[in-house]
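Okay, structure first, notes after.
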Amino acid sequence: MSFPVLFGVLALLTIFGYYLGRSRALKTAGGQVRNLHSLPNYYGYYIGLWCAAPGFLLLVGWMALENTIMDSMLIANLPDSMSSLPAAELSLLLNDVKNLANGDIVSREVIDLDLKDAAAFYGQLLTTSKMLLTAILVAVTCGGILVARGRIAPDLRARNSVEKAAMAIMIICSTIAVLTTLGIILSLLFESLRFFQMVHPLDFVFGLEWSPQTALRKDQVGATGLFGAVPLLAGTMLISLIAMCVAAPVGLMAAIYMSEYAPTKVRGTVKPLLEILAGIPTVVYGFFAALTVAPFFRGLGLDFGLTISSESALAAGIVMGIMIIPFVSSLSDDVMSAVPQSLREGSYGLGATKSETIKQVILPAALPGIVGSILLGVSRAIGETMIVVMAAGLAANLTANPFEAVTTVTVQIVTLLVGDQEFDSAKTLAAFALGLILFCVTLVLNIIALTIVNKYREQYD
Amino acid sequence: MTDAAPIMNGPANGSLATRNSNDAVSRGLKRRYAAERRFKAYGILAIAFAMGMLGLLFTTIVSKAIPAFTQTMINLEITLYPQDIDPAGTRERQTLSSANYRKVIRQAFYDLFPDVTSRRDRRELFDMISPGAVYEIRDMVMANPNLIGERVVVQMPMSDDIDQLNKGQIRKDSPETERRVKDKQIAWFERLENRGLVETVFNTTFFTAGDSREPELAGIFGAAMGSLFTMLVTLLVSFPLAVASAIYLEEFAPVNKWTQTIEVNINNLAAVPSIVFGLLGLAVFINFFGMPRSAPVVGGLVLALMTLPTIIIAARSALKSVPPSIREAAYGLGASPLQVITHHVLPLAMPGILTGTIIGMAQALGETAPLLMIGMVAFIVDVPHGALDPATVLPVQIYLWADSPERAFVERTSAAICVLLAFLVIMNVGAVFLRKRFERKW
């Protein structure tokens, strides 16, 4: 039986357990609810939990480990000539065996007897695994139901047990966020360390050339692969700078107008409209940049006698800036609205005009929050992927000229990982090292920004 | 302040000083008011710029998308000779499915244009019709084998280049070398038009087909189903997890180092670039757990982890907005802490939680980058039937089409964007409706 079916079976058994628990409790109490410690439902939940919790853990664990275990069993069963192959060829072979067992297309042309044997063995393994799982699942859940049923008595503190279990489940759920962060850090670190065994970390961080094509054959010319991240970091910074040149002034002025000048009605319509900009998928911006903005700048450049590449940093940066406007404006708006009214009134009382009040009183008072919002915008710009993938180039130029094509960290991660991945080549692992840089930089920016904003909030609360 | 009349009745020299400073103020006033007006204008300009860009984005995409909703078809009369299709007359499925329908269409074309005889011309003539027409006729014959031997009029799609020509995207007066349609083909097409065989119809293929290399056969249904399965997985995983952790953190968690760590973590996770989640999915789900590549399950799990912080933050603020008096009343009636939450607080906070969930799902629906990492960029023709089939999603389909060189894919990309935006608008309107209709202010 497949996993969805097994989950369905588990759900049915759990529901059965619930009704069993309810009726059993009522029966032991002689049909009188007041003889029971808890409401009858809780006895139902009690059995349901005894059935669902072990079953669920079993299914998830099996799903997670099945492939790894079966692979190692399959390798152990292969003839020596096959199991001693290098890792890449071995994984190809395993794929073929699995495809053969599933009746799919196989990549090699000659299918020898060993392979057929292995496929047969794998098919057998697959059936055994599923049968074993079904048997264990039924045994465990029925066992759970029986054990729980035996415990049901009028004075069983069912509600307390169920609530304890619910609390435990909630605590586990709340740690998922931490586990995710841990998973990100560990997976990035682990693969990056493997990368740094092949490429020296200093060469990676300070190297000036990026050409990740590694040689397929030993004797190939000029394809040793250079992993210097400086051009990518410079490109990322150039595009982020252009983006912030658009987003920071526009976002800030929009925020000032909305929080200080705009009548409530205008504010009520403009604010959601601005936020639409943040809700548009980035792939749409990428298409817009590549299709409309880049040709526009190219044409403009031709008119002025400039050569602007069709994948210029300028087009990608400006479109990215448009996307970031609402991130800057909505947080700055909140921050400025939180400046106490007494500060404004004090300034008006001294004869300042509205703009003078804003420039000399409100902006300095709100500065930390505004800096925070701009830092969050920068972190968005650095991590943004689709706009640059579609509108910025692939060529790793080390240049500060916004009319040329540059590439960014995120673009390179995508190009390195789309298509064939070999987890023993520096080319694929380099993506994780880049990801590590990206994660660290954005994390630091976010932490600084969030700390500044929170400190500021406390100041006026 | 505008008038220089003395306010104080002081000594003569004092009054002079006041008059002087008043003069200075009034002289500066004009400049200051101009600065005031300029400053306000900058604000309006900034908003106008943002709105203008929003408008430009929408008008560009919608205007580019409109032609994609129609398709140029040809009403061709074909003769299904038995000797071409089923010479033995057995009507077996195998024979019917492998018969040479290409020849049938070719013959019909040659009958229409008896003057075209050279091999090259005939090939160019035949290029005017979509390669998909062959399968259309095959499916028609297989559905109704009685048609064999009959003369039938079949509506078939024309090739993408002819379609573009018909819609005016390829200009007839441009030099022949700069367009993908030959002068001869234009002449043939005009002859077909004059005979009334060409018809422009609503493009149903776009909404019912999977991906294809041929623009006229490509549709978004496959990607939409992929998105549906991915979103289902995301919702099923992230909603319960987020609600449970929000309840714990907001209602039960003691204030200590551990819960503070969790909180800081959630806030930071919300700002981690989405592509990093893709790397996580690749390293953990695909490499470590050996889950299938390109499958909506993996995409859904990655997006679930990504939307988790959004939903948790929204759910927490919804729970926080339920007034303490309701909790206290429930406690007063003897409810246990968990009963207070599940019977009273949670139902009252549900509209807010659902609003946050919808917004999180809308974000996930538009997300592309992490899905590129886990192999959902593959070219997949079949419409997926489950969360384990290889699939692609709408934004990735947009990315793939945007990269295709064929001109006709530009309008289809725009149309796919319109469909995606329509889904997003529906979700957001739903969220606003929920908030307006059910959210209570205490």
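Each chain in the structure tokens gets a letter, A, B, ..., in the order shown, and its residues are numbered from 1; ligands are numbered from 1 in order too.
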
Contact residues (chain B, partner chain A, 6 Å, only C-alpha atoms) as a short mmCIF file (atom, residue, chain, number, x, y, z; two decimals) with C-alpha atoms, in the first residue's frame:
```cif
data_model
loop_
_atom_site.label_atom_id
_atom_site.label_comp_id
_atom_site.auth_asym_id
_atom_site.auth_seq_id
_atom_site.Cartn_x
_atom_site.Cartn_y
_atom_site.Cartn_z
CA GLU B 36 7.01 73.61 1.95
CA GLY B 43 5.87 63.25 -1.63
CA ALA B 46 7.06 59.66 -5.10
CA ILE B 47 3.59 58.16 -4.78
CA LEU B 241 2.09 23.59 12.64
CA ALA B 244 -0.13 25.00 17.23
CA SER B 245 3.10 26.91 17.70
CA TYR B 248 1.87 27.68 22.51
CA PRO B 273 15.88 34.96 1.28
CA LEU B 280 17.64 23.62 2.46
CA PHE B 289 15.80 11.83 2.78
CA GLY B 366 4.02 33.38 -6.38
#
```

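Residues within 10 Å of Arg106 of chain B, counting only C-alpha atoms and excluding same-chain residues fewer than 5 positions away, are Ile78, Tyr101, Asp111, Leu112, Arg122, Arg123, Leu125, Phe126 and Ile129 of chain B.
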
Using N, CA and C atoms, can you write the selected residues to a file as a compact mmCIF listing (two decimals), in the first residue's frame?
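Dumped everything to result28.txt:
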```txt
# COMPACT_ATOMS: atom_id res chain seq x y z
N ILE B 78 -10.79 17.22 -44.82
CA ILE B 78 -9.88 16.11 -45.08
C ILE B 78 -10.67 14.86 -45.43
N TYR B 101 -1.41 9.88 -40.11
CA TYR B 101 -2.37 10.99 -40.27
C TYR B 101 -1.73 12.20 -40.92
N ASP B 111 -4.38 19.32 -52.15
CA ASP B 111 -5.60 19.50 -52.92
C ASP B 111 -6.00 20.97 -52.97
N LEU B 112 -5.73 21.67 -51.84
CA LEU B 112 -6.08 23.09 -51.79
C LEU B 112 -5.15 23.91 -52.67
N ARG B 122 6.38 22.59 -50.75
CA ARG B 122 5.36 21.79 -50.06
C ARG B 122 5.66 21.68 -48.57
N ARG B 123 6.98 21.58 -48.25
CA ARG B 123 7.31 21.49 -46.84
C ARG B 123 6.93 22.80 -46.12
N LEU B 125 4.70 24.85 -47.02
CA LEU B 125 3.23 24.91 -46.97
C LEU B 125 2.72 24.12 -45.76
N PHE B 126 3.30 22.95 -45.61
CA PHE B 126 2.85 22.09 -44.53
C PHE B 126 3.25 22.64 -43.16
N ILE B 129 0.83 24.62 -40.67
CA ILE B 129 -0.14 24.03 -39.73
C ILE B 129 0.62 23.48 -38.52
```

Apply DSSP to the structure's backbone, then extract all residues of segment 62-277 of chain A labelled strand (DSSP E or B) and return them as a list in words. Trp210, Ser211, Leu226 and Phe227 of chain A

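Pairwise distance (atom CA of Trp401 of chain B, atom CA of Asn428 of chain B) equals 25.8 Å.
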
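Across the model, the gap from atom CA of Val361 of chain A to atom CA of Leu343 of chain A is 7.2 Å.
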
Work out how far atom CA of Pro157 of chain B is from atom CA of Ala133 of chain B, in Å to one decimal. 6.5 Å

If you count only C-alpha atoms, which residues fall within 12 Å of Gly430 of chain B, apart from same-chain ones fewer than 3 positions away, as a PDB file with C-alpha atoms, in the first residue's frame?
```pdb
ATOM      1  CA  PRO B 351     -10.760  34.954  10.983  1.00  0.00           C
ATOM      2  CA  LEU B 354      -7.215  32.543   8.193  1.00  0.00           C
ATOM      3  CA  THR B 355      -6.440  35.999   6.804  1.00  0.00           C
ATOM      4  CA  GLY B 356      -2.785  35.515   7.667  1.00  0.00           C
ATOM      5  CA  THR B 357      -2.844  32.027   6.189  1.00  0.00           C
ATOM      6  CA  ILE B 358      -4.326  33.253   2.910  1.00  0.00           C
ATOM      7  CA  ILE B 359      -1.697  35.982   2.662  1.00  0.00           C
ATOM      8  CA  MET B 361      -0.390  31.078   0.758  1.00  0.00           C
ATOM      9  CA  ALA B 362      -0.541  33.903  -1.778  1.00  0.00           C
ATOM     10  CA  PHE B 423      -5.477  33.867  -8.465  1.00  0.00           C
ATOM     11  CA  LEU B 424      -3.511  36.212  -6.211  1.00  0.00           C
ATOM     12  CA  VAL B 425      -6.175  38.917  -6.467  1.00  0.00           C
ATOM     13  CA  ILE B 426      -8.891  36.391  -5.605  1.00  0.00           C
ATOM     14  CA  MET B 427      -6.931  35.215  -2.569  1.00  0.00           C
ATOM     15  CA  PHE B 433     -13.378  40.067   2.899  1.00  0.00           C
ATOM     16  CA  LEU B 434     -12.654  37.743   5.815  1.00  0.00           C
ATOM     17  CA  ARG B 435     -11.091  40.571   7.750  1.00  0.00           C
ATOM     18  CA  LYS B 436     -13.939  42.986   7.068  1.00  0.00           C
ATOM     19  CA  ARG B 437     -16.716  40.468   7.601  1.00  0.00           C
ATOM     20  CA  PHE B 438     -15.615  38.438  10.596  1.00  0.00           C
TER      21      PHE B 438
END
```
